[in-house]
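Colleague: For reference, the file my_file.pdb (PDB, C-alpha atoms) is included below:
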ATOM      1  CA  MET C   1      22.854 173.779-104.462
ATOM      2  CA  THR C   2      25.155 175.820-102.276
ATOM      3  CA  PRO C   3      24.232 175.515 -98.616
ATOM      4  CA  ARG C   4      23.221 178.719 -96.945
ATOM      5  CA  GLU C   5      25.752 180.289 -94.702
ATOM      6  CA  VAL C   6      24.344 180.785 -91.231
ATOM      7  CA  VAL C   7      25.988 183.432 -89.113
ATOM      8  CA  LEU C   8      25.380 183.041 -85.406
ATOM      9  CA  PRO C   9      25.556 186.081 -83.147
ATOM     10  CA  PRO C  10      28.511 186.126 -80.790
ATOM     11  CA  VAL C  11      27.878 184.750 -77.315
ATOM     12  CA  GLU C  12      29.489 186.527 -74.420
ATOM     13  CA  ILE C  13      30.381 184.197 -71.558
ATOM     14  CA  ASN C  14      33.032 184.245 -68.901
ATOM     15  CA  PRO C  15      35.451 181.309 -69.528
ATOM     16  CA  GLU C  16      35.844 180.762 -65.782
ATOM     17  CA  GLU C  17      32.067 180.607 -65.341
ATOM     18  CA  LEU C  18      31.778 178.117 -68.225
ATOM     19  CA  ALA C  19      34.483 175.902 -66.729
ATOM     20  CA  GLN C  20      32.758 176.008 -63.350
ATOM     21  CA  ARG C  21      29.441 174.943 -64.923
ATOM     22  CA  LEU C  22      31.078 172.047 -66.747
ATOM     23  CA  MET C  23      32.916 170.827 -63.638
ATOM     24  CA  SER C  24      30.002 171.165 -61.231
ATOM     25  CA  PRO C  25      27.530 168.264 -61.224
ATOM     26  CA  ALA C  26      23.867 169.049 -61.720
ATOM     27  CA  GLN C  27      22.206 169.808 -58.419
ATOM     28  CA  PRO C  28      19.142 167.746 -57.469
ATOM     29  CA  LYS C  29      15.816 169.527 -57.413
ATOM     30  CA  PRO C  30      12.872 169.085 -55.039
ATOM     31  CA  PRO C  31      11.119 166.908 -54.189
ATOM     32  CA  TYR C  32      14.321 165.233 -53.063
ATOM     33  CA  LYS C  33      15.061 161.520 -52.916
ATOM     34  CA  VAL C  34      16.019 159.994 -49.566
ATOM     35  CA  VAL C  35      19.458 158.329 -49.421
ATOM     36  CA  ALA C  36      19.393 157.308 -45.744
ATOM     37  CA  HIS C  37      16.477 156.573 -43.408
ATOM     38  CA  ARG C  38      15.574 153.938 -40.839
ATOM     39  CA  ALA C  39      11.899 153.729 -39.925
ATOM     40  CA  ASP C  40      12.832 151.833 -36.761
ATOM     41  CA  ARG C  41      15.582 154.286 -35.773
ATOM     42  CA  PRO C  42      14.145 157.782 -35.287
ATOM     43  CA  LEU C  43      16.093 160.593 -33.679
ATOM     44  CA  LYS C  44      15.456 159.918 -29.989
ATOM     45  CA  ILE C  45      16.036 162.459 -27.220
ATOM     46  CA  GLY C  46      14.622 161.305 -23.911
ATOM     47  CA  GLU C  47      11.066 160.175 -24.665
ATOM     48  CA  ILE C  48      10.847 162.366 -27.781
ATOM     49  CA  GLU C  49      11.153 160.591 -31.144
ATOM     50  CA  ILE C  50      11.395 162.325 -34.529
ATOM     51  CA  PRO C  51      11.713 160.534 -37.903
ATOM     52  CA  CYS C  52      14.839 161.760 -39.680
ATOM     53  CA  TYR C  53      16.246 161.542 -43.211
ATOM     54  CA  VAL C  54      19.349 162.320 -45.251
ATOM     55  CA  LEU C  55      18.452 163.668 -48.689
ATOM     56  CA  GLU C  56      20.253 163.314 -52.017
ATOM     57  CA  ASN C  57      21.610 166.851 -51.628
ATOM     58  CA  GLU C  58      23.142 165.655 -48.305
ATOM     59  CA  GLU C  59      20.825 167.802 -46.215
ATOM     60  CA  ARG C  60      19.757 166.312 -42.882
ATOM     61  CA  VAL C  61      16.058 166.852 -42.253
ATOM     62  CA  LEU C  62      13.391 166.009 -39.687
ATOM     63  CA  SER C  63       9.840 164.912 -40.370
ATOM     64  CA  GLN C  64       7.505 167.910 -40.430
ATOM     65  CA  ARG C  65       4.956 166.160 -38.235
ATOM     66  CA  GLY C  66       7.618 164.881 -35.832
ATOM     67  CA  PHE C  67       9.227 168.323 -35.635
ATOM     68  CA  LEU C  68       6.003 170.029 -34.626
ATOM     69  CA  ASP C  69       4.965 167.271 -32.226
ATOM     70  CA  ALA C  70       8.391 167.320 -30.557
ATOM     71  CA  THR C  71       8.346 171.072 -29.955
ATOM     72  CA  GLY C  72       4.709 171.217 -28.877
ATOM     73  CA  PHE C  73       3.661 173.836 -31.433
ATOM     74  CA  SER C  74       0.298 173.556 -33.185
ATOM     75  CA  ARG C  75       0.057 172.795 -36.886
ATOM     76  CA  ARG C  76      -1.166 175.400 -39.341
ATOM     77  CA  HIS C  77      -1.950 173.917 -42.741
ATOM     78  CA  ARG C  78      -2.360 175.226 -46.218
ATOM     79  CA  VAL C  79      -3.030 173.213 -49.372
ATOM     80  CA  GLY C  80       0.012 172.759 -51.575
ATOM     81  CA  THR C  81       0.201 174.211 -55.082
ATOM     82  CA  GLY C  82      -0.445 170.792 -56.585
ATOM     83  CA  GLY C  83      -3.662 170.414 -54.628
ATOM     84  CA  GLY C  84      -2.301 167.278 -52.961
ATOM     85  CA  ALA C  85      -0.496 166.871 -49.674
ATOM     86  CA  GLN C  86      -0.878 169.517 -47.020
ATOM     87  CA  ILE C  87       2.116 171.730 -46.300
ATOM     88  CA  THR C  88       2.883 173.316 -42.975
ATOM     89  CA  ASP C  89       4.653 176.664 -42.900
ATOM     90  CA  PHE C  90       6.099 177.280 -39.480
ATOM     91  CA  GLU C  91       4.795 180.662 -38.351
ATOM     92  CA  PRO C  92       6.055 181.469 -34.839
ATOM     93  CA  PRO C  93       3.429 182.849 -32.435
ATOM     94  CA  ASN C  94       3.628 186.545 -31.539
ATOM     95  CA  TRP C  95       5.419 185.965 -28.217
ATOM     96  CA  LEU C  96       8.225 184.063 -29.977
ATOM     97  CA  LYS C  97       8.472 185.948 -33.275
ATOM     98  CA  PRO C  98      11.008 188.612 -32.152
ATOM     99  CA  PHE C  99      13.397 185.851 -31.104
ATOM    100  CA  THR C 100      13.010 183.686 -34.241
ATOM    101  CA  ASP C 101      13.267 186.771 -36.470
ATOM    102  CA  ALA C 102      16.718 187.331 -35.021
ATOM    103  CA  VAL C 103      17.706 183.830 -36.243
ATOM    104  CA  TRP C 104      15.683 183.227 -39.412
ATOM    105  CA  GLY C 105      14.394 186.599 -40.523
ATOM    106  CA  VAL C 106      10.771 187.638 -40.882
ATOM    107  CA  GLU C 107       9.601 185.047 -43.469
ATOM    108  CA  PRO C 108       7.874 181.854 -42.245
ATOM    109  CA  LYS C 109      10.032 178.752 -42.569
ATOM    110  CA  SER C 110       8.757 176.629 -45.454
ATOM    111  CA  PRO C 111       9.161 172.845 -45.348
ATOM    112  CA  ILE C 112      11.343 170.792 -47.679
ATOM    113  CA  PRO C 113       9.535 168.267 -49.910
ATOM    114  CA  LEU C 114      10.909 164.745 -50.173
ATOM    115  CA  ILE C 115       9.785 161.483 -51.737
ATOM    116  CA  SER C 116       8.617 159.162 -48.988
ATOM    117  CA  PRO C 117      10.739 155.989 -48.781
ATOM    118  CA  ALA C 118       7.897 154.170 -46.989
ATOM    119  CA  THR C 119       5.389 154.173 -49.870
ATOM    120  CA  THR C 120       5.237 153.044 -53.475
ATOM    121  CA  GLY C 121       5.176 155.719 -56.147
ATOM    122  CA  ASN C 122       6.342 159.290 -55.772
ATOM    123  CA  VAL C 123       4.403 160.224 -52.652
ATOM    124  CA  VAL C 124       5.678 163.572 -51.369
ATOM    125  CA  ILE C 125       5.987 164.322 -47.666
ATOM    126  CA  TYR C 126       7.510 167.349 -45.959
ATOM    127  CA  SER C 127      10.338 168.029 -43.569
ATOM    128  CA  TYR C 128      12.391 170.765 -41.928
ATOM    129  CA  PRO C 129      16.197 171.171 -41.836
ATOM    130  CA  ALA C 130      17.618 169.420 -38.771
ATOM    131  CA  THR C 131      19.439 172.617 -37.757
ATOM    132  CA  MET C 132      16.101 174.377 -37.402
ATOM    133  CA  LEU C 133      15.213 172.374 -34.278
ATOM    134  CA  PRO C 134      18.041 173.566 -31.983
ATOM    135  CA  GLU C 135      17.621 177.095 -33.372
ATOM    136  CA  LEU C 136      13.931 177.077 -32.470
ATOM    137  CA  CYS C 137      14.636 175.635 -29.015
ATOM    138  CA  GLY C 138      17.266 178.315 -28.445
ATOM    139  CA  ALA C 139      14.772 181.029 -29.406
ATOM    140  CA  VAL C 140      12.199 179.576 -26.975
ATOM    141  CA  MET C 141      14.693 179.544 -24.110
ATOM    142  CA  GLU C 142      15.820 183.080 -24.946
ATOM    143  CA  ALA C 143      12.181 184.219 -24.836
ATOM    144  CA  HIS C 144      11.803 182.495 -21.465
ATOM    145  CA  ARG C 145      14.901 184.241 -20.099
ATOM    146  CA  LYS C 146      13.519 187.580 -21.296
ATOM    147  CA  ASP C 147      10.168 186.918 -19.519
ATOM    148  CA  ALA C 148       8.321 186.806 -22.844
ATOM    149  CA  THR C 149       6.586 183.544 -21.910
ATOM    150  CA  THR C 150       3.708 182.829 -19.546
ATOM    151  CA  SER C 151       2.426 179.697 -17.859
ATOM    152  CA  ARG C 152       0.539 178.904 -21.082
ATOM    153  CA  GLN C 153       3.875 178.274 -22.816
ATOM    154  CA  GLY C 154       5.200 176.135 -19.962
ATOM    155  CA  ALA C 155       4.992 172.856 -21.906
ATOM    156  CA  ILE C 156       6.800 174.358 -24.906
ATOM    157  CA  VAL C 157       9.577 175.751 -22.688
ATOM    158  CA  GLU C 158       9.968 172.377 -20.976
ATOM    159  CA  ARG C 159      10.204 170.595 -24.339
ATOM    160  CA  ALA C 160      12.809 173.062 -25.592
ATOM    161  CA  SER C 161      14.869 172.577 -22.431
ATOM    162  CA  ILE C 162      14.774 168.768 -22.774
ATOM    163  CA  LEU C 163      15.781 168.923 -26.428
ATOM    164  CA  LEU C 164      18.655 171.362 -25.854
ATOM    165  CA  ARG C 165      20.049 169.238 -23.026
ATOM    166  CA  GLY C 166      19.805 166.212 -25.297
ATOM    167  CA  PHE C 167      21.620 168.001 -28.123
ATOM    168  CA  ALA C 168      24.414 169.054 -25.771
ATOM    169  CA  LYS C 169      24.855 165.519 -24.427
ATOM    170  CA  VAL C 170      24.805 163.845 -27.849
ATOM    171  CA  GLY C 171      27.065 166.549 -29.294
ATOM    172  CA  ILE C 172      29.871 166.151 -26.742
ATOM    173  CA  ILE C 173      29.759 162.344 -27.014
ATOM    174  CA  ALA C 174      29.958 162.533 -30.826
ATOM    175  CA  LEU C 175      32.894 164.959 -30.666
ATOM    176  CA  ILE C 176      34.819 162.710 -28.264
ATOM    177  CA  ASP C 177      34.089 159.626 -30.374
ATOM    178  CA  GLU C 178      35.398 161.432 -33.458
ATOM    179  CA  ALA C 179      38.508 162.788 -31.701
ATOM    180  CA  THR C 180      39.459 159.434 -30.161
ATOM    181  CA  GLY C 181      38.515 157.254 -33.129
ATOM    182  CA  TYR C 182      35.961 155.402 -31.031
ATOM    183  CA  GLN C 183      33.433 155.593 -33.881
ATOM    184  CA  ARG C 184      35.383 152.841 -35.646
ATOM    185  CA  VAL C 185      35.805 150.821 -32.444
ATOM    186  CA  ARG C 186      32.096 151.110 -31.710
ATOM    187  CA  ALA C 187      31.216 149.885 -35.204
ATOM    188  CA  GLU C 188      33.598 146.930 -34.852
ATOM    189  CA  ARG C 189      32.113 146.010 -31.494
ATOM    190  CA  ALA C 190      28.591 146.202 -32.885
ATOM    191  CA  LEU C 191      29.570 143.915 -35.779
ATOM    192  CA  ALA C 192      31.207 141.462 -33.377
ATOM    193  CA  GLU C 193      28.025 141.310 -31.312
ATOM    194  CA  ILE C 194      25.932 140.627 -34.426
ATOM    195  CA  LEU C 195      28.207 137.794 -35.547
ATOM    196  CA  LYS C 196      28.235 136.334 -32.039
ATOM    197  CA  GLU C 197      24.437 136.396 -32.010
ATOM    198  CA  TYR C 198      24.009 134.704 -35.401
ATOM    199  CA  LEU C 199      26.972 132.409 -35.927
ATOM    200  CA  SER C 200      28.591 129.467 -34.170
ATOM    201  CA  GLU C 201      32.335 129.122 -33.669
ATOM    202  CA  GLU C 202      32.226 125.595 -35.096
ATOM    203  CA  LEU C 203      30.630 124.106 -38.176
ATOM    204  CA  GLN C 204      27.257 122.571 -37.295
ATOM    205  CA  PRO C 205      25.688 119.373 -38.658
ATOM    206  CA  TRP C 206      23.518 120.011 -41.706
ATOM    207  CA  VAL C 207      19.787 120.289 -41.129
ATOM    208  CA  ARG C 208      17.221 121.225 -43.767
ATOM    209  CA  THR C 209      16.735 124.997 -43.544
ATOM    210  CA  PHE C 210      15.021 126.064 -46.769
ATOM    211  CA  PRO C 211      11.563 124.504 -47.140
ATOM    212  CA  TYR C 212      10.297 123.303 -50.516
ATOM    213  CA  GLU C 213       7.801 126.179 -50.513
ATOM    214  CA  PHE C 214      10.681 128.668 -50.805
ATOM    215  CA  TYR C 215      11.775 127.150 -54.134
ATOM    216  CA  GLU C 216       8.187 126.627 -55.265
ATOM    217  CA  GLN C 217       7.419 130.328 -54.866
ATOM    218  CA  LEU C 218      10.759 131.351 -56.377
ATOM    219  CA  TYR C 219      10.071 129.248 -59.459
ATOM    220  CA  ARG C 220       6.561 130.710 -59.731
ATOM    221  CA  LEU C 221       7.764 134.302 -59.594
ATOM    222  CA  ARG C 222      10.629 133.583 -61.975
ATOM    223  CA  GLU C 223       8.229 131.755 -64.331
ATOM    224  CA  TRP C 224      10.430 128.656 -64.356
ATOM    225  CA  GLY C 225       7.614 126.141 -63.995
ATOM    226  CA  GLU C 226       8.017 123.609 -61.176
ATOM    227  CA  PRO C 227      11.214 122.693 -59.288
ATOM    228  CA  ALA C 228      12.834 119.569 -60.781
ATOM    229  CA  PRO C 229      11.968 116.394 -58.820
ATOM    230  CA  ASN C 230      15.583 115.156 -58.987
ATOM    231  CA  GLY C 231      16.801 118.206 -57.046
ATOM    232  CA  LYS C 232      18.727 119.832 -59.910
ATOM    233  CA  MET C 233      18.540 123.618 -59.764
ATOM    234  CA  PRO C 234      19.946 126.407 -61.944
ATOM    235  CA  SER C 235      22.841 128.436 -60.555
ATOM    236  CA  ALA C 236      20.541 131.477 -60.469
ATOM    237  CA  ILE C 237      18.856 129.853 -57.456
ATOM    238  CA  GLY C 238      22.074 130.312 -55.494
ATOM    239  CA  ARG C 239      22.398 133.964 -56.468
ATOM    240  CA  ASP C 240      18.767 134.625 -55.619
ATOM    241  CA  THR C 241      19.151 132.893 -52.256
ATOM    242  CA  VAL C 242      22.100 135.112 -51.359
ATOM    243  CA  ASP C 243      20.196 138.193 -52.512
ATOM    244  CA  LEU C 244      16.899 137.391 -50.783
ATOM    245  CA  VAL C 245      18.194 135.801 -47.586
ATOM    246  CA  TYR C 246      21.870 135.901 -46.640
ATOM    247  CA  SER C 247      22.548 139.468 -47.785
ATOM    248  CA  ARG C 248      19.547 140.806 -45.815
ATOM    249  CA  LEU C 249      19.965 139.102 -42.432
ATOM    250  CA  ALA C 250      22.298 141.522 -40.653
ATOM    251  CA  PRO C 251      25.504 143.481 -41.378
ATOM    252  CA  GLY C 252      28.590 141.336 -41.924
ATOM    253  CA  VAL C 253      26.890 137.935 -41.680
ATOM    254  CA  TYR C 254      27.200 136.957 -45.346
ATOM    255  CA  GLU C 255      30.803 138.159 -45.568
ATOM    256  CA  GLU C 256      31.739 136.184 -42.449
ATOM    257  CA  VAL C 257      30.195 132.857 -43.471
ATOM    258  CA  THR C 258      31.697 133.002 -46.966
ATOM    259  CA  ALA C 259      35.113 133.920 -45.529
ATOM    260  CA  ARG C 260      34.921 130.845 -43.282
ATOM    261  CA  THR C 261      33.919 128.493 -46.107
ATOM    262  CA  PRO C 262      36.636 127.203 -48.460
ATOM    263  CA  ARG C 263      35.989 126.397 -52.103
ATOM    264  CA  LEU C 264      36.441 123.155 -53.965
ATOM    265  CA  SER C 265      38.476 122.872 -57.144
ATOM    266  CA  GLY C 266      35.375 123.515 -59.238
ATOM    267  CA  GLY C 267      34.757 126.832 -57.495
ATOM    268  CA  GLU C 268      31.703 125.845 -55.456
ATOM    269  CA  LEU C 269      31.590 126.324 -51.700
ATOM    270  CA  LYS C 270      32.646 123.276 -49.696
ATOM    271  CA  TRP C 271      29.859 123.574 -47.089
ATOM    272  CA  ARG C 272      26.361 124.970 -47.017
ATOM    273  CA  LEU C 273      26.405 128.443 -45.481
ATOM    274  CA  SER C 274      23.536 127.597 -43.139
ATOM    275  CA  ARG C 275      25.846 125.196 -41.247
ATOM    276  CA  TRP C 276      27.645 128.154 -39.637
ATOM    277  CA  PHE C 277      24.528 129.459 -37.897
ATOM    278  CA  SER C 278      24.264 128.771 -34.188
ATOM    279  CA  PRO C 279      21.817 125.920 -33.456
ATOM    280  CA  ASN C 280      19.424 127.997 -31.399
ATOM    281  CA  GLN C 281      19.390 131.747 -31.905
ATOM    282  CA  GLY C 282      21.141 132.063 -35.262
ATOM    283  CA  HIS C 283      19.279 129.245 -36.981
ATOM    284  CA  ALA C 284      15.981 130.514 -35.584
ATOM    285  CA  LYS C 285      16.632 133.998 -36.974
ATOM    286  CA  LEU C 286      17.571 132.512 -40.355
ATOM    287  CA  ARG C 287      14.373 130.442 -40.497
ATOM    288  CA  LYS C 288      12.266 133.410 -39.387
ATOM    289  CA  HIS C 289      13.726 135.488 -42.216
ATOM    290  CA  ILE C 290      13.088 132.732 -44.764
ATOM    291  CA  ASP C 291       9.487 132.370 -43.583
ATOM    292  CA  GLY C 292       9.017 136.141 -43.924
ATOM    293  CA  VAL C 293      10.393 136.089 -47.470
ATOM    294  CA  ILE C 294       8.017 133.230 -48.358
ATOM    295  CA  VAL C 295       5.023 135.217 -47.082
ATOM    296  CA  LEU C 296       6.127 138.179 -49.208
ATOM    297  CA  MET C 297       6.575 135.886 -52.213
ATOM    298  CA  LYS C 298       3.101 134.409 -51.852
ATOM    299  CA  SER C 299       1.519 137.853 -51.758
ATOM    300  CA  SER C 300       3.413 139.094 -54.843
ATOM    301  CA  ILE C 301       2.020 138.996 -58.368
ATOM    302  CA  ASP C 302       5.299 138.497 -60.212
ATOM    303  CA  TRP C 303       9.060 138.866 -59.830
ATOM    304  CA  LYS C 304       9.039 142.621 -60.468
ATOM    305  CA  ASP C 305       6.327 143.168 -57.866
ATOM    306  CA  PHE C 306       8.211 141.023 -55.347
ATOM    307  CA  LYS C 307      11.578 142.779 -55.875
ATOM    308  CA  THR C 308       9.878 146.172 -55.543
ATOM    309  CA  ARG C 309       8.357 145.243 -52.191
ATOM    310  CA  LEU C 310      11.295 143.276 -50.751
ATOM    311  CA  PRO C 311      13.593 146.234 -49.843
ATOM    312  CA  LYS C 312      10.760 147.882 -47.932
ATOM    313  CA  VAL C 313      10.620 144.882 -45.588
ATOM    314  CA  TYR C 314      14.221 143.631 -45.590
ATOM    315  CA  ARG C 315      17.066 146.057 -46.240
ATOM    316  CA  LYS C 316      20.180 144.830 -48.005
ATOM    317  CA  TYR C 317      23.597 144.614 -46.343
ATOM    318  CA  HIS C 318      25.587 143.124 -49.216
ATOM    319  CA  ASP C 319      25.795 143.858 -52.948
ATOM    320  CA  THR C 320      25.200 140.655 -54.896
ATOM    321  CA  ARG C 321      26.792 142.204 -57.988
ATOM    322  CA  GLN C 322      30.072 141.165 -56.355
ATOM    323  CA  LEU C 323      29.062 137.502 -56.414
ATOM    324  CA  THR C 324      30.011 136.669 -59.997
ATOM    325  CA  LEU C 325      32.722 134.275 -58.768
ATOM    326  CA  ASP C 326      30.695 132.895 -55.881
ATOM    327  CA  LEU C 327      28.538 130.471 -57.836
ATOM    328  CA  LYS C 328      29.130 128.234 -60.849
ATOM    329  CA  GLN C 329      27.424 129.444 -64.009
ATOM    330  CA  LYS C 330      25.737 126.111 -64.782
ATOM    331  CA  SER C 331      23.067 123.806 -63.396
ATOM    332  CA  GLN C 332      24.175 121.597 -60.513
ATOM    333  CA  ARG C 333      22.525 119.041 -58.264
ATOM    334  CA  HIS C 334      23.102 120.916 -55.018
ATOM    335  CA  ILE C 335      23.543 124.659 -54.685
ATOM    336  CA  PRO C 336      26.350 125.394 -52.171
ATOM    337  CA  GLY C 337      25.247 127.415 -49.195
ATOM    338  CA  LEU C 338      21.524 126.547 -49.265
TER
END
Represent the structure from my file as structure tokens, please.
Modeller:
Amino acid sequence: MTPREVVLPPVEINPEELAQRLMSPAQPKPPYKVVAHRADRPLKIGEIEIPCYVLENEERVLSQRGFLDATGFSRRHRVGTGGGAQITDFEPPNWLKPFTDAVWGVEPKSPIPLISPATTGNVVIYSYPATMLPELCGAVMEAHRKDATTSRQGAIVERASILLRGFAKVGIIALIDEATGYQRVRAERALAEILKEYLSEELQPWVRTFPYEFYEQLYRLREWGEPAPNGKMPSAIGRDTVDLVYSRLAPGVYEEVTARTPRLSGGELKWRLSRWFSPNQGHAKLRKHIDGVIVLMKSSIDWKDFKTRLPKVYRKYHDTRQLTLDLKQKSQRHIPGL
């Protein structure tokens, strides 16, 4: 049977447009994922603190709630289209509207949805572009200069003044740091201070650091049964220990202790990594971290549950995928670095 001949209609497309589409990566769509956020490091200007995020489309945003609290404006809510979280459109009051219209136009500023990094599941929260805050403060101060404000707006004017002064101060410092290269120097100094806080200049005598309960819980979550009574452990224990403990202590700590520790002919580390920690402060911080990991282990159902919860408590400073040469791929009596 002769196959039917199918004639497709011609498609008109600009070759340059087609090439541009093929070369341009697909743009993320809302709600956006967060690529950078520190719950303990909000944007701080004077006594004002605002949670901030960097989204997958590289937009810098401020928490919707923090934005409104910082500026002193009231919240006006409407239910979102999904019937879930409440969304706040920023609608300037009548006294301010002529001045914000000159910056944003006449439409209310709608918030940007993002997936909260602080919760499990795809919980959506809302934010505003970071650039919107200085623009709003500028509009408030312009209204004040034009005598469009009264004593009732005094608190809002004061907040706007504080924020603008803070932006100016931070902005000039950032520009000087960038021009002089001090950003790199500052980062190096910060790393040096961290290493000084955690590590000793000299190798310390070995003391037991990891309690039996750490391995007991690790074996339970991994479904490995009970730890062997003769002390033999699989090499995966070493990789897990680096992942759960050493890579999550502080920036640069794992890299420094491994750089200081030579390897034997068989490839294993000559000394346990814990021997580099200072006897008082560093060792105490290491033990505190281990104890925290144990508590998280005990409250976890299985390995998947534990690894899902771990990054929310302890962020990672080192990628253990680079550790393929760090540990022997066989069982051994003592795991180097534990």
Colleague: Figure out the distance between CA of Leu55 (chain C) and CA of Pro42 (chain C), please, to one decimal in Å.
Modeller: 15.3 Å
Colleague: I need the residue set behind the PyMOL selection byres ((chain C and resi 100) around 12) for this file; please write it as a PyMOL selection string.
Modeller: chain C and resi 90-99+101-109+132-143
Colleague: Mind telling me what the PyMOL selection byres ((chain C and resi 71) around 12) catches here, as a PyMOL selection string?
Modeller: chain C and resi 45+48-50+64-70+72-75+90+92+132-140+153-164
Colleague: Between CA of Pro227 (chain C) and CA of Ser300 (chain C), what is the distance, to one decimal in Å?
Modeller: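 Calculated distance between CA of Pro227 (chain C) and CA of Ser300 (chain C) is 18.7 Å.
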Colleague: What's around Ser274 (chain C) at 10 Å? Count all atoms listed in the file, leave out sequence neighbours fewer than 2 positions away in its own chain, and write the answer as a ChimeraX atom specification.
Modeller: /C:199,203-210,246,257,271-272,276-279,282-283,286-287,336-338
Colleague: Output C-alpha atoms for every residue in the selection just made, as a CSV table (one decimal), in the coordinates of the input.
Modeller:
chain,number,residue,atom,x,y,z
C,199,LEU,CA,27.0,132.4,-35.9
C,203,LEU,CA,30.6,124.1,-38.2
C,204,GLN,CA,27.3,122.6,-37.3
C,205,PRO,CA,25.7,119.4,-38.7
C,206,TRP,CA,23.5,120.0,-41.7
C,207,VAL,CA,19.8,120.3,-41.1
C,208,ARG,CA,17.2,121.2,-43.8
C,209,THR,CA,16.7,125.0,-43.5
C,210,PHE,CA,15.0,126.1,-46.8
C,246,TYR,CA,21.9,135.9,-46.6
C,257,VAL,CA,30.2,132.9,-43.5
C,271,TRP,CA,29.9,123.6,-47.1
C,272,ARG,CA,26.4,125.0,-47.0
C,276,TRP,CA,27.6,128.2,-39.6
C,277,PHE,CA,24.5,129.5,-37.9
C,278,SER,CA,24.3,128.8,-34.2
C,279,PRO,CA,21.8,125.9,-33.5
C,282,GLY,CA,21.1,132.1,-35.3
C,283,HIS,CA,19.3,129.2,-37.0
C,286,LEU,CA,17.6,132.5,-40.4
C,287,ARG,CA,14.4,130.4,-40.5
C,336,PRO,CA,26.4,125.4,-52.2
C,337,GLY,CA,25.2,127.4,-49.2
C,338,LEU,CA,21.5,126.5,-49.3
Colleague: For region 152-162 of chain C, take all atoms listed in the file, fit an axis-aligned box around them, add 3 Å to each of the six sides, then output centre and edge lengths in Å rounded to one decimal, as lines of an AutoDock Vina configuration file.
Modeller:
center_x = 7.7
center_y = 173.8
center_z = -22.8
size_x = 20.3
size_y = 16.1
size_z = 11.6
Colleague: By how many Å are CA of Val34 (chain C) and CA of Val313 (chain C) apart?
Modeller: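 Computing the Euclidean distance for CA of Val34 (chain C) and CA of Val313 (chain C) yields 16.5 Å.
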Colleague: Every residue with an atom at most 9 Å from (20.5, 135.9, -27.9) (file coordinates; only C-alpha atoms) is what I'm after, so could you write them as a short mmCIF file (atom, residue, chain, number, x, y, z; two decimals) with C-alpha atoms, in the frame of the given file?
Modeller:
data_model
loop_
_atom_site.label_atom_id
_atom_site.label_comp_id
_atom_site.auth_asym_id
_atom_site.auth_seq_id
_atom_site.Cartn_x
_atom_site.Cartn_y
_atom_site.Cartn_z
CA LYS C 196 28.24 136.33 -32.04
CA GLU C 197 24.44 136.40 -32.01
CA TYR C 198 24.01 134.70 -35.40
CA ASN C 280 19.42 128.00 -31.40
CA GLN C 281 19.39 131.75 -31.90
CA GLY C 282 21.14 132.06 -35.26
#
Colleague: If the PyMOL selection byres ((chain C and resi 124) around 6) is run on the structure shown, which residues does it catch, given as a PyMOL selection string?
Modeller: chain C and resi 114-116+123+125
Colleague: Quick one: residues within 8 Å of Ser63 (chain C), all atoms listed in the file, excluding same-chain residues fewer than 5 positions away - as a PyMOL selection string?
Modeller: chain C and resi 50-53+126-128
Colleague: For those residues, write C-alpha atoms to a file as a JSON list (two decimals), in the frame of the given file.
Modeller:
[["chain", "number", "residue", "atom", "x", "y", "z"],
["C", 50, "ILE", "CA", 11.40, 162.32, -34.53],
["C", 51, "PRO", "CA", 11.71, 160.53, -37.90],
["C", 52, "CYS", "CA", 14.84, 161.76, -39.68],
["C", 53, "TYR", "CA", 16.25, 161.54, -43.21],
["C", 126, "TYR", "CA", 7.51, 167.35, -45.96],
["C", 127, "SER", "CA", 10.34, 168.03, -43.57],
["C", 128, "TYR", "CA", 12.39, 170.76, -41.93]]
